[in-house]
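Enquirer: File name structure.txt; file contents compact mmCIF, C-alpha atoms and all ligand atoms; full text below.
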# COMPACT_ATOMS: atom_id res chain seq x y z
CA MET A 1 177.50 80.25 51.30
CA GLY A 2 174.59 82.68 50.74
CA ALA A 3 174.58 85.39 48.09
CA VAL A 4 174.97 88.20 50.65
CA THR A 5 178.03 86.57 52.24
CA HIS A 6 179.49 85.94 48.80
CA ALA A 7 178.97 89.60 47.85
CA ALA A 8 180.57 90.82 51.11
CA ARG A 9 183.64 88.65 50.44
CA ALA A 10 183.90 89.98 46.90
CA VAL A 11 184.13 93.50 48.34
CA TRP A 12 186.39 92.93 51.33
CA ASP A 13 188.85 90.41 49.90
CA ARG A 14 190.49 93.08 47.75
CA GLY A 15 193.20 95.68 48.23
CA ASP A 16 196.06 96.42 50.58
CA TYR A 17 193.98 97.26 53.68
CA GLY A 18 196.82 97.87 56.20
CA PRO A 19 197.21 101.66 55.72
CA LEU A 20 193.44 102.19 56.08
CA ALA A 21 193.45 100.04 59.23
CA ASP A 22 196.13 102.38 60.59
CA LEU A 23 193.96 105.41 59.80
CA LEU A 24 191.02 103.85 61.70
CA ALA A 25 193.10 102.48 64.59
CA PRO A 26 192.38 105.33 67.06
CA GLY A 27 188.75 104.11 67.09
CA ALA A 28 189.94 100.68 68.20
CA THR A 29 191.76 102.18 71.18
CA VAL A 30 188.69 104.22 72.11
CA LEU A 31 186.53 101.07 72.05
CA ALA A 32 188.98 99.07 74.18
CA ASP A 33 189.17 101.95 76.69
CA THR A 34 185.39 102.50 76.70
CA ALA A 35 184.40 98.86 77.27
CA ALA A 36 187.50 98.17 79.41
CA PRO A 37 187.01 94.38 79.54
CA THR A 38 188.43 92.53 82.52
CA ARG A 39 190.81 89.60 82.02
CA ALA A 40 187.94 87.23 82.80
CA ASP A 41 185.61 88.68 80.15
CA ARG A 42 184.96 86.75 76.95
CA VAL A 43 185.52 89.36 74.21
CA LEU A 44 184.54 89.43 70.53
CA ASP A 45 186.06 91.68 67.85
CA LEU A 46 183.33 91.73 65.19
CA ALA A 47 184.12 92.49 61.53
CA ALA A 48 187.65 92.55 62.85
CA GLY A 49 189.59 93.25 59.63
CA HIS A 50 193.25 92.88 60.56
CA GLY A 51 192.27 92.70 64.25
CA ALA A 52 193.02 96.21 65.51
CA VAL A 53 190.63 95.87 68.46
CA ALA A 54 191.58 92.26 69.16
CA GLU A 55 195.26 93.17 69.27
CA ILE A 56 194.79 95.97 71.82
CA VAL A 57 192.54 93.92 74.09
CA ALA A 58 194.74 90.82 73.86
CA ARG A 59 197.90 92.83 74.62
CA ARG A 60 196.14 94.01 77.78
CA GLY A 61 195.77 90.36 78.82
CA THR A 62 192.25 89.36 77.73
CA PRO A 63 191.74 86.59 75.14
CA VAL A 64 189.64 87.62 72.12
CA THR A 65 187.68 85.86 69.39
CA ALA A 66 187.94 87.86 66.16
CA VAL A 67 185.28 87.36 63.47
CA ASP A 68 185.36 88.55 59.86
CA VAL A 69 183.66 87.49 56.63
CA SER A 70 186.73 87.97 54.43
CA PRO A 71 189.28 85.12 54.19
CA VAL A 72 191.91 87.68 53.12
CA MET A 73 191.27 89.85 56.19
CA VAL A 74 191.27 86.80 58.48
CA ALA A 75 194.58 85.53 57.07
CA ALA A 76 196.22 88.94 57.56
CA GLY A 77 194.74 89.32 61.05
CA ARG A 78 195.79 85.83 62.08
CA ALA A 79 199.38 86.56 60.99
CA ARG A 80 199.43 89.94 62.76
CA THR A 81 198.16 88.52 66.07
CA ALA A 82 200.02 85.19 65.94
CA ASP A 83 201.82 85.85 69.25
CA LEU A 84 198.63 86.89 71.08
CA PRO A 85 195.61 85.04 72.58
CA VAL A 86 193.36 85.75 69.59
CA THR A 87 191.18 83.06 67.98
CA TRP A 88 190.03 83.83 64.43
CA LEU A 89 186.69 82.83 62.91
CA GLU A 90 185.80 83.34 59.25
CA ALA A 91 182.06 84.07 59.36
CA ASP A 92 179.34 86.47 58.28
CA LEU A 93 177.96 88.48 61.21
CA ALA A 94 174.49 87.39 60.09
CA ALA A 95 175.31 83.85 61.35
CA VAL A 96 178.30 83.43 63.66
CA PRO A 97 179.07 79.81 64.60
CA LEU A 98 179.21 80.44 68.36
CA ASP A 99 176.77 79.46 71.12
CA ASP A 100 174.17 81.79 72.63
CA ASP A 101 175.64 83.91 75.48
CA ALA A 102 179.17 83.15 74.23
CA ALA A 103 180.52 86.61 75.08
CA ASP A 104 180.52 89.27 77.80
CA VAL A 105 181.77 92.08 75.54
CA ALA A 106 181.36 92.60 71.77
CA LEU A 107 183.38 95.34 70.07
CA SER A 108 183.42 96.49 66.45
CA ASN A 109 185.55 99.27 64.98
CA PHE A 110 183.87 100.60 61.80
CA GLY A 111 182.89 96.99 61.03
CA LEU A 112 179.35 96.16 62.16
CA ILE A 113 178.17 99.21 60.19
CA PHE A 114 179.12 97.47 56.93
CA THR A 115 176.70 94.58 57.36
CA VAL A 116 174.00 94.85 54.72
CA GLU A 117 171.05 94.99 57.13
CA ALA A 118 171.29 96.29 60.70
CA ALA A 119 168.40 94.31 62.24
CA PRO A 120 169.64 90.74 61.60
CA ALA A 121 173.23 91.67 62.51
CA LEU A 122 172.13 93.27 65.80
CA ALA A 123 169.88 90.30 66.59
CA GLU A 124 172.89 88.02 66.09
CA VAL A 125 175.13 90.18 68.32
CA ARG A 126 172.49 90.15 71.03
CA ARG A 127 172.24 86.36 70.77
CA LEU A 128 176.03 86.08 71.18
CA LEU A 129 176.14 88.34 74.24
CA ARG A 130 175.06 87.13 77.65
CA PRO A 131 172.15 89.12 79.12
CA GLY A 132 173.68 92.33 80.50
CA GLY A 133 176.75 92.00 78.26
CA THR A 134 178.25 95.06 76.58
CA LEU A 135 178.24 96.06 72.91
CA ALA A 136 180.43 98.97 71.81
CA TYR A 137 181.05 100.02 68.21
CA THR A 138 182.19 102.97 66.16
CA ALA A 139 180.12 104.39 63.28
CA TRP A 140 180.59 107.34 60.95
CA ASP A 141 178.51 110.43 61.65
CA PRO A 142 176.18 110.69 58.61
CA GLU A 143 176.56 114.50 58.73
CA GLY A 144 180.38 114.37 58.86
CA VAL A 145 182.81 114.16 55.93
CA VAL A 146 182.91 110.36 55.78
CA GLY A 147 179.13 110.10 56.10
CA ARG A 148 178.72 112.65 53.31
CA MET A 149 181.25 110.74 51.21
CA GLY A 150 179.14 107.59 51.63
CA ALA A 151 176.05 109.45 50.44
CA VAL A 152 177.99 110.74 47.39
CA MET A 153 179.19 107.21 46.58
CA ALA A 154 175.63 105.86 46.80
CA GLU A 155 174.59 108.38 44.10
CA PHE A 156 177.07 106.76 41.70
CA MET A 157 175.98 103.20 42.38
CA PRO A 158 173.65 101.44 39.95
CA ALA A 159 170.09 100.97 41.21
CA PRO A 160 169.48 97.50 42.72
CA PRO A 161 167.64 95.24 40.22
CA ASP A 162 164.65 94.74 42.57
CA GLY A 163 163.90 98.47 42.67
CA ALA A 164 164.99 98.79 46.31
CA PRO A 165 166.55 102.13 47.28
CA LYS A 166 170.32 102.44 46.83
CA ARG A 167 172.04 101.44 50.01
CA PHE A 168 173.72 103.95 52.29
CA HIS A 169 173.84 102.91 55.93
CA GLY A 170 173.67 106.49 57.24
CA SER A 171 171.91 107.13 60.52
CA VAL A 172 170.63 103.61 61.20
CA TRP A 173 173.81 102.96 63.22
CA THR A 174 173.99 106.29 65.05
CA THR A 175 170.56 107.04 66.51
CA GLY A 176 170.23 104.01 68.78
CA GLU A 177 166.77 103.15 67.44
CA ALA A 178 167.88 99.94 65.70
CA LEU A 179 169.59 98.85 68.93
CA ARG A 180 166.49 99.44 71.02
CA ASP A 181 164.39 97.63 68.37
CA ALA A 182 166.78 94.67 68.72
CA GLY A 183 166.21 94.63 72.51
CA PHE A 184 169.38 96.41 73.68
CA THR A 185 169.11 98.85 76.59
CA ASP A 186 171.19 101.67 78.13
CA VAL A 187 172.19 103.01 74.70
CA THR A 188 174.76 105.82 74.67
CA VAL A 189 176.05 107.71 71.63
CA THR A 190 179.19 109.85 72.03
CA GLY A 191 180.69 112.03 69.30
CA ARG A 192 184.44 111.85 68.50
CA THR A 193 186.71 112.81 65.61
CA LEU A 194 189.68 111.35 63.74
CA PRO A 195 192.19 113.63 62.00
CA TRP A 196 192.59 113.00 58.24
CA ARG A 197 195.38 114.89 56.48
CA PHE A 198 196.35 114.56 52.78
CA ASP A 199 198.31 116.92 50.57
CA SER A 200 195.48 117.16 48.05
CA PRO A 201 192.07 115.64 47.20
CA ALA A 202 193.86 113.53 44.58
CA ASP A 203 196.18 112.09 47.25
CA LEU A 204 193.14 111.22 49.37
CA THR A 205 191.29 109.47 46.52
CA THR A 206 194.47 107.64 45.43
CA PHE A 207 194.78 106.38 49.02
CA PHE A 208 191.20 105.07 48.98
CA ARG A 209 191.64 103.48 45.54
CA HIS A 210 194.56 101.41 46.84
CA HIS A 211 193.68 100.74 50.47
CA SER A 212 189.89 100.85 50.86
CA PRO A 213 188.11 97.70 49.64
CA ALA A 214 184.77 99.55 49.68
CA HIS A 215 186.12 102.27 47.37
CA MET A 216 187.73 99.72 45.08
CA ALA A 217 184.41 97.88 44.75
CA SER A 218 182.58 101.18 44.20
CA GLU A 219 185.04 102.14 41.47
CA VAL A 220 184.15 98.97 39.59
CA ALA A 221 180.41 99.45 40.18
CA ALA A 222 180.50 103.11 39.07
CA GLY A 223 182.04 102.04 35.74
CA GLU A 224 182.65 104.95 33.40
CA ARG A 225 181.40 107.37 36.07
CA ALA A 226 184.18 106.38 38.49
CA ALA A 227 186.36 109.42 37.72
CA ASP A 228 183.37 111.71 38.41
CA MET A 229 182.70 109.83 41.67
CA PHE A 230 186.26 110.34 42.92
CA ALA A 231 186.18 114.01 41.89
CA ALA A 232 182.95 114.42 43.90
CA ILE A 233 184.56 112.66 46.88
CA GLY A 234 187.51 115.06 46.65
CA ARG A 235 185.12 118.03 46.80
CA VAL A 236 183.55 116.68 50.02
CA PHE A 237 186.96 116.75 51.73
CA ALA A 238 188.45 119.87 50.12
CA PRO A 239 185.81 122.05 48.40
CA ASP A 240 188.54 124.53 47.38
CA GLY A 241 190.78 121.81 45.88
CA GLY A 242 193.55 122.48 48.41
CA ALA A 243 195.08 120.25 51.08
CA VAL A 244 192.76 117.91 52.99
CA ASP A 245 192.82 118.82 56.67
CA VAL A 246 189.65 117.55 58.31
CA GLU A 247 188.37 116.07 61.53
CA ALA A 248 186.30 113.07 60.43
CA SER A 249 183.42 112.84 62.89
CA TYR A 250 182.20 109.49 64.16
CA VAL A 251 180.28 108.18 67.14
CA VAL A 252 181.03 105.58 69.78
CA VAL A 253 177.85 103.67 70.52
CA THR A 254 177.46 101.50 73.61
CA ALA A 255 174.55 99.34 74.70
CA ARG A 256 173.64 96.53 77.06
CA ALA A 257 172.24 93.20 75.83
C1 LIG A 301 186.35 99.11 57.40
S1 LIG A 301 186.78 97.45 57.78
C2 LIG A 301 187.06 97.57 59.54
C3 LIG A 301 187.97 96.46 60.02
C4 LIG A 301 188.49 96.58 61.45
N1 LIG A 301 187.43 96.52 62.43
C5 LIG A 301 189.38 97.78 61.68
O1 LIG A 301 189.23 98.45 62.71
O2 LIG A 301 190.26 98.03 60.86
C6 LIG A 301 185.23 96.60 57.71
C7 LIG A 301 185.34 95.09 57.96
O3 LIG A 301 184.03 94.55 58.00
C8 LIG A 301 184.09 93.23 57.48
N2 LIG A 301 182.72 92.84 57.12
C9 LIG A 301 181.91 93.45 56.23
N3 LIG A 301 180.72 92.82 56.16
C10 LIG A 301 180.80 91.78 57.05
C11 LIG A 301 179.90 90.75 57.44
N4 LIG A 301 178.68 90.66 56.90
N5 LIG A 301 180.30 89.85 58.37
C12 LIG A 301 181.54 89.93 58.92
N6 LIG A 301 182.44 90.87 58.59
C13 LIG A 301 182.07 91.79 57.66
C14 LIG A 301 185.03 93.37 56.30
O4 LIG A 301 185.55 92.15 55.84
C15 LIG A 301 186.10 94.30 56.89
O5 LIG A 301 187.15 93.59 57.46
The structure in this file should be written as structure tokens.

Expert:
Amino acid sequence: MGAVTHAARAVWDRGDYGPLADLLAPGATVLADTAAPTRADRVLDLAAGHGAVAEIVARRGTPVTAVDVSPVMVAAGRARTADLPVTWLEADLAAVPLDDDAADVALSNFGLIFTVEAAPALAEVRRLLRPGGTLAYTAWDPEGVVGRMGAVMAEFMPAPPDGAPKRFHGSVWTTGEALRDAGFTDVTVTGRTLPWRFDSPADLTTFFRHHSPAHMASEVAAGERAADMFAAIGRVFAPDGGAVDVEASYVVVTARA
């Protein structure tokens, strides 16, 4: 296993992810409705987590192959979809052990965007899709609350040892440029929102600290600055310190291989 895969597992193997999956689930429905695979289509759910997309598509009668790097996510997803035609693969999206042209439709709900580098992941997705096949994924709007939270979290991360800039995926997933660079065509980007409601900023950050593997890993990485990081996250969602009542903006991106 390479160092990048190992690092991804170290992040995503932690925490009780189910409640966050529930919060993100509307995006999975939007993807299934947008791509609307037929029963004959070969469908992938990439960075599948507990398999929210796979479950919806499989319940509609289309078999799905779900791929995720985290053994913990795969075990939970496999258990959740045990009665459905879902095949699980534990793999890094940088190198998925499937043949070229193995799929007609590839879907990813807030998953593909967590791969460390966009270009190799998109090249791999294009390899997996037959020419003309459909990719559809959800990504956070960098200008929206979740995008701004990501930028705040990056400020609290230690600088990479090689002097590279701190990583924040930002707009690379939302402009379509990386897709066109990878050879995809017919790119569309459609704005949507998800409602996030919490009684207070502290309730929101407590939720992330228990259910979001990325926040749990960031808490460790931020070290003694972790409390400041969560306070700054709270201010993104509720600048006045009151209840959190936001529409978290994201985009649905579609493209043809
Ligand atoms: C925010 S979760 C989204 C999960 C799921 N799609 C959903 O709708 O709940 C991000 C997922 O990306 C997976 N992931 C992150 N990096 C990955 C990689 N390089 N290869 C495969 N999966 C990856 C994580 O293990 C995690 O399950």

Enquirer: Considering only C-alpha atoms and all ligand atoms, tabulate each residue of chain A that lies at most 6 Å from ligand LIG 301 (chain A) along with its nearest interatomic pair and the corresponding distance in Å to one decimal; arrange the rows by chain and ascending residue number and present them as a Markdown table.

Expert:
| residue | atom | partner | partner_atom | distance |
| --- | --- | --- | --- | --- |
| A:Ala8 | CA | A:LIG301 | N3 | 5.4 |
| A:Trp12 | CA | A:LIG301 | O4 | 4.7 |
| A:Ala21 | CA | A:LIG301 | O2 | 4.1 |
| A:Leu24 | CA | A:LIG301 | O1 | 5.8 |
| A:Ala25 | CA | A:LIG301 | O1 | 5.9 |
| A:Ala28 | CA | A:LIG301 | O1 | 6.0 |
| A:Ala47 | CA | A:LIG301 | N6 | 3.8 |
| A:Ala48 | CA | A:LIG301 | N1 | 4.0 |
| A:Gly49 | CA | A:LIG301 | O5 | 3.3 |
| A:His50 | CA | A:LIG301 | O2 | 6.0 |
| A:Ala52 | CA | A:LIG301 | O1 | 5.2 |
| A:Asp68 | CA | A:LIG301 | N6 | 3.9 |
| A:Val69 | CA | A:LIG301 | C12 | 4.0 |
| A:Ser70 | CA | A:LIG301 | O4 | 4.6 |
| A:Met73 | CA | A:LIG301 | O5 | 5.7 |
| A:Ala91 | CA | A:LIG301 | C12 | 5.9 |
| A:Asp92 | CA | A:LIG301 | N5 | 3.5 |
| A:Leu93 | CA | A:LIG301 | N5 | 3.9 |
| A:Ser108 | CA | A:LIG301 | N1 | 5.7 |
| A:Asn109 | CA | A:LIG301 | N1 | 4.2 |
| A:Phe110 | CA | A:LIG301 | C2 | 4.9 |
| A:Gly111 | CA | A:LIG301 | O3 | 4.1 |
| A:Phe114 | CA | A:LIG301 | C9 | 4.9 |
| A:Thr115 | CA | A:LIG301 | N4 | 4.4 |

Enquirer: Any idea what the distance is between atom CA of A:Arg59 and atom CA of A:Ser212?

Expert: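 Atom-to-atom, atom CA of A:Arg59 and atom CA of A:Ser212 are spaced 26.3 Å apart.
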
Enquirer: Between A:Leu204, A:Val244, A:Ala255, A:Leu179, which has the minimum distance to A:Leu20 (counting only C-alpha atoms)?

Expert: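 Between A:Leu204, A:Val244, A:Ala255, A:Leu179, the residue approaching A:Leu20 most closely is A:Leu204.
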
Enquirer: Name the residues in contact with A:Leu31 at a cut-off of 12 Å, using all atoms listed in the file, excluding same-chain residues fewer than 2 positions from it; report them as a ChimeraX atom specification.

Expert: /A:24-29,33-37,43-45,52-54,56-57,105-110,134-139,190,192,251-254

Enquirer: Those residues you just picked out, can you put them in a file as a PDB file, keeping the file's coordinate frame with C-alpha atoms?

Expert:
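Here's the written file out_13.pdb:
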ATOM      1  CA  LEU A  24     191.020 103.850  61.700  1.00  0.00           C
ATOM      2  CA  ALA A  25     193.100 102.480  64.590  1.00  0.00           C
ATOM      3  CA  PRO A  26     192.380 105.330  67.060  1.00  0.00           C
ATOM      4  CA  GLY A  27     188.750 104.110  67.090  1.00  0.00           C
ATOM      5  CA  ALA A  28     189.940 100.680  68.200  1.00  0.00           C
ATOM      6  CA  THR A  29     191.760 102.180  71.180  1.00  0.00           C
ATOM      7  CA  ASP A  33     189.170 101.950  76.690  1.00  0.00           C
ATOM      8  CA  THR A  34     185.390 102.500  76.700  1.00  0.00           C
ATOM      9  CA  ALA A  35     184.400  98.860  77.270  1.00  0.00           C
ATOM     10  CA  ALA A  36     187.500  98.170  79.410  1.00  0.00           C
ATOM     11  CA  PRO A  37     187.010  94.380  79.540  1.00  0.00           C
ATOM     12  CA  VAL A  43     185.520  89.360  74.210  1.00  0.00           C
ATOM     13  CA  LEU A  44     184.540  89.430  70.530  1.00  0.00           C
ATOM     14  CA  ASP A  45     186.060  91.680  67.850  1.00  0.00           C
ATOM     15  CA  ALA A  52     193.020  96.210  65.510  1.00  0.00           C
ATOM     16  CA  VAL A  53     190.630  95.870  68.460  1.00  0.00           C
ATOM     17  CA  ALA A  54     191.580  92.260  69.160  1.00  0.00           C
ATOM     18  CA  ILE A  56     194.790  95.970  71.820  1.00  0.00           C
ATOM     19  CA  VAL A  57     192.540  93.920  74.090  1.00  0.00           C
ATOM     20  CA  VAL A 105     181.770  92.080  75.540  1.00  0.00           C
ATOM     21  CA  ALA A 106     181.360  92.600  71.770  1.00  0.00           C
ATOM     22  CA  LEU A 107     183.380  95.340  70.070  1.00  0.00           C
ATOM     23  CA  SER A 108     183.420  96.490  66.450  1.00  0.00           C
ATOM     24  CA  ASN A 109     185.550  99.270  64.980  1.00  0.00           C
ATOM     25  CA  PHE A 110     183.870 100.600  61.800  1.00  0.00           C
ATOM     26  CA  THR A 134     178.250  95.060  76.580  1.00  0.00           C
ATOM     27  CA  LEU A 135     178.240  96.060  72.910  1.00  0.00           C
ATOM     28  CA  ALA A 136     180.430  98.970  71.810  1.00  0.00           C
ATOM     29  CA  TYR A 137     181.050 100.020  68.210  1.00  0.00           C
ATOM     30  CA  THR A 138     182.190 102.970  66.160  1.00  0.00           C
ATOM     31  CA  ALA A 139     180.120 104.390  63.280  1.00  0.00           C
ATOM     32  CA  THR A 190     179.190 109.850  72.030  1.00  0.00           C
ATOM     33  CA  ARG A 192     184.440 111.850  68.500  1.00  0.00           C
ATOM     34  CA  VAL A 251     180.280 108.180  67.140  1.00  0.00           C
ATOM     35  CA  VAL A 252     181.030 105.580  69.780  1.00  0.00           C
ATOM     36  CA  VAL A 253     177.850 103.670  70.520  1.00  0.00           C
ATOM     37  CA  THR A 254     177.460 101.500  73.610  1.00  0.00           C
TER      38      THR A 254
END

Enquirer: Which residues come within 10 Å of stretch 156-158 of chain A, counting all atoms listed in the file, excluding same-chain residues fewer than 2 positions away, as a PyMOL selection string?

Expert: chain A and resi 151-154+160-161+166-167+218-223+225-226+228-230+232

Enquirer: Take atom CA of A:Pro71 and atom CA of A:His215 and report the distance between them in Å, one decimal.

Expert: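 A separation of 18.7 Å between them.
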